Amino acid sequence: MIYRVLVLSTVFLAGMGIFRYQVSLGQDYNPTPTQTPNHHVRAGVQALACEYPDQKPGCEMYIAGFTDTVNTVMVGGESTKMLCGSTDSSDLVAEFEQEARKSPEADTDAALFQLLKTKHMCEGNKAPIYNPRSAGGLIDMCHTGDIGFNLCSQYQWGFLDSLFFMSAQTKIPILCGNMSIVDSSITMLNDELQADSGLRQKPAVWLMLGALQKKMPCPK
């Protein structure tokens, strides 16, 4: 099963917020672009939250979600640039905290975009292989109780923030229709793996995006 990954120019990074989307529940489907939420969380506020020991694992999973999404879009697109350097989630959280101290009033979205653009981009033929989270590994974590479920939720929100940030920057809709469906991304991923366990090694974000695009297609 092959999913088409939507390529959106060279704008590819998400804002990093730990606040979930406000969605319009019960909205009838219509083939129009979804409204793209914009958190405008100040980088200083977000970084402060990430410094708390009980918040740091969630921040790391959030970064993992949008970093994996960035990687998926770039590999599937026409860009000659790729993520490189230390893209470990804990390292990225630490770098973000440093950047936030310099510009605490900046939007978190902008701060993270600038961080990856200036410190974690290189030519594809020189980049080390980046391995996004596998679908099977993510789902296994989701099934480990409340802590695992909460971390999965943070990963999902990072993934969604990445998609909607790209849409807002490029003015190209990624998903259209009932916005409430996006909160079921992890459930859709689980359903995909239940139907075909051979997909477990595929990138989680690749399958999540494919499942969402099937349910929320945009007019061509």
# chains A, B, ... in the order shown; residues from 1 in each chain; ligands from 1
call {"tool": "residues_around", "arguments": {"residues": "A:Glu192", "least_positions_apart": "6", "cutoff": "12 Å", "atoms": "only C-alpha atoms", "output": "mmCIF file with N, CA and C atoms, in the first residue's frame"}}
result
data_model
loop_
_atom_site.group_PDB
_atom_site.id
_atom_site.type_symbol
_atom_site.label_atom_id
_atom_site.label_comp_id
_atom_site.auth_asym_id
_atom_site.auth_seq_id
_atom_site.Cartn_x
_atom_site.Cartn_y
_atom_site.Cartn_z
ATOM 1 N N MET A 1 0.861 -1.188 0.000
ATOM 2 C CA MET A 1 0.000 0.000 0.000
ATOM 3 C C MET A 1 0.901 1.243 0.000
ATOM 4 N N ALA A 135 5.828 2.981 12.745
ATOM 5 C CA ALA A 135 4.428 2.885 13.129
ATOM 6 C C ALA A 135 4.236 1.865 14.243
ATOM 7 N N GLY A 136 4.908 0.728 14.132
ATOM 8 C CA GLY A 136 4.774 -0.299 15.146
ATOM 9 C C GLY A 136 5.304 0.126 16.496
ATOM 10 N N ILE A 139 2.835 2.682 18.095
ATOM 11 C CA ILE A 139 1.614 2.060 18.587
ATOM 12 C C ILE A 139 1.889 1.214 19.826
ATOM 13 N N SER A 185 -5.951 10.596 14.518
ATOM 14 C CA SER A 185 -4.811 10.147 13.711
ATOM 15 C C SER A 185 -4.185 8.872 14.259
ATOM 16 N N ILE A 186 -3.989 8.817 15.578
ATOM 17 C CA ILE A 186 -3.386 7.635 16.179
ATOM 18 C C ILE A 186 -4.305 6.427 16.032
ATOM 19 N N GLY A 198 2.283 -5.840 8.268
ATOM 20 C CA GLY A 198 3.506 -5.613 7.502
ATOM 21 C C GLY A 198 3.890 -4.151 7.413
ATOM 22 N N LEU A 199 2.981 -3.262 7.824
ATOM 23 C CA LEU A 199 3.263 -1.824 7.778
ATOM 24 C C LEU A 199 3.975 -1.326 9.042
ATOM 25 N N ARG A 200 4.238 -2.208 9.988
ATOM 26 C CA ARG A 200 4.790 -1.786 11.279
ATOM 27 C C ARG A 200 6.114 -1.032 11.148
ATOM 28 N N LYS A 202 7.018 0.911 8.668
ATOM 29 C CA LYS A 202 6.869 2.165 7.930
ATOM 30 C C LYS A 202 6.859 3.339 8.905
ATOM 31 N N ALA A 204 5.610 6.219 11.073
ATOM 32 C CA ALA A 204 4.274 6.463 11.626
ATOM 33 C C ALA A 204 3.601 7.646 10.947
ATOM 34 N N TRP A 206 4.004 8.853 8.024
ATOM 35 C CA TRP A 206 3.673 8.545 6.634
ATOM 36 C C TRP A 206 2.310 7.868 6.552
ATOM 37 N N LEU A 207 2.075 6.909 7.458
ATOM 38 C CA LEU A 207 0.795 6.215 7.476
ATOM 39 C C LEU A 207 -0.325 7.112 7.992
ATOM 40 N N MET A 208 -0.024 7.937 8.993
ATOM 41 C CA MET A 208 -1.045 8.829 9.540
ATOM 42 C C MET A 208 -1.504 9.833 8.498
ATOM 43 N N LEU A 209 -0.559 10.405 7.770
ATOM 44 C CA LEU A 209 -0.910 11.377 6.735
ATOM 45 C C LEU A 209 -1.722 10.717 5.630
ATOM 46 N N GLY A 210 -1.308 9.538 5.227
ATOM 47 C CA GLY A 210 -2.041 8.835 4.186
ATOM 48 C C GLY A 210 -3.470 8.533 4.591
ATOM 49 N N ALA A 211 -3.650 8.094 5.847
ATOM 50 C CA ALA A 211 -4.990 7.777 6.338
ATOM 51 C C ALA A 211 -5.866 9.023 6.396
ATOM 52 N N LEU A 212 -5.292 10.148 6.841
ATOM 53 C CA LEU A 212 -6.052 11.393 6.910
ATOM 54 C C LEU A 212 -6.428 11.898 5.518
#
call {"tool": "closest_residue", "arguments": {"among": "A:Ser153, A:Thr108, A:Gln46, A:Thr72", "to": "A:Arg133", "atoms": "only C-alpha atoms"}}
result
A:Thr72
call {"tool": "closest_residue", "arguments": {"among": "A:Leu175, A:Cys122, A:Val70, A:Ile147", "to": "A:Ser162", "atoms": "only C-alpha atoms"}}
result
A:Val70
call {"tool": "closest_residue", "arguments": {"among": "A:Leu151, A:Ile172, A:Leu112, A:Leu138", "to": "A:Cys59", "atoms": "only C-alpha atoms"}}
result
A:Leu151
call {"tool": "atom_distance", "arguments": {"atom1": "atom CA of A:Met216", "atom2": "atom CA of A:Asn178"}}
result
7.3 Å
call {"tool": "closest_residue", "arguments": {"among": "A:Met166, A:Ala43, A:Val205, A:Leu160", "to": "A:Arg101", "atoms": "only C-alpha atoms"}}
result
A:Ala43
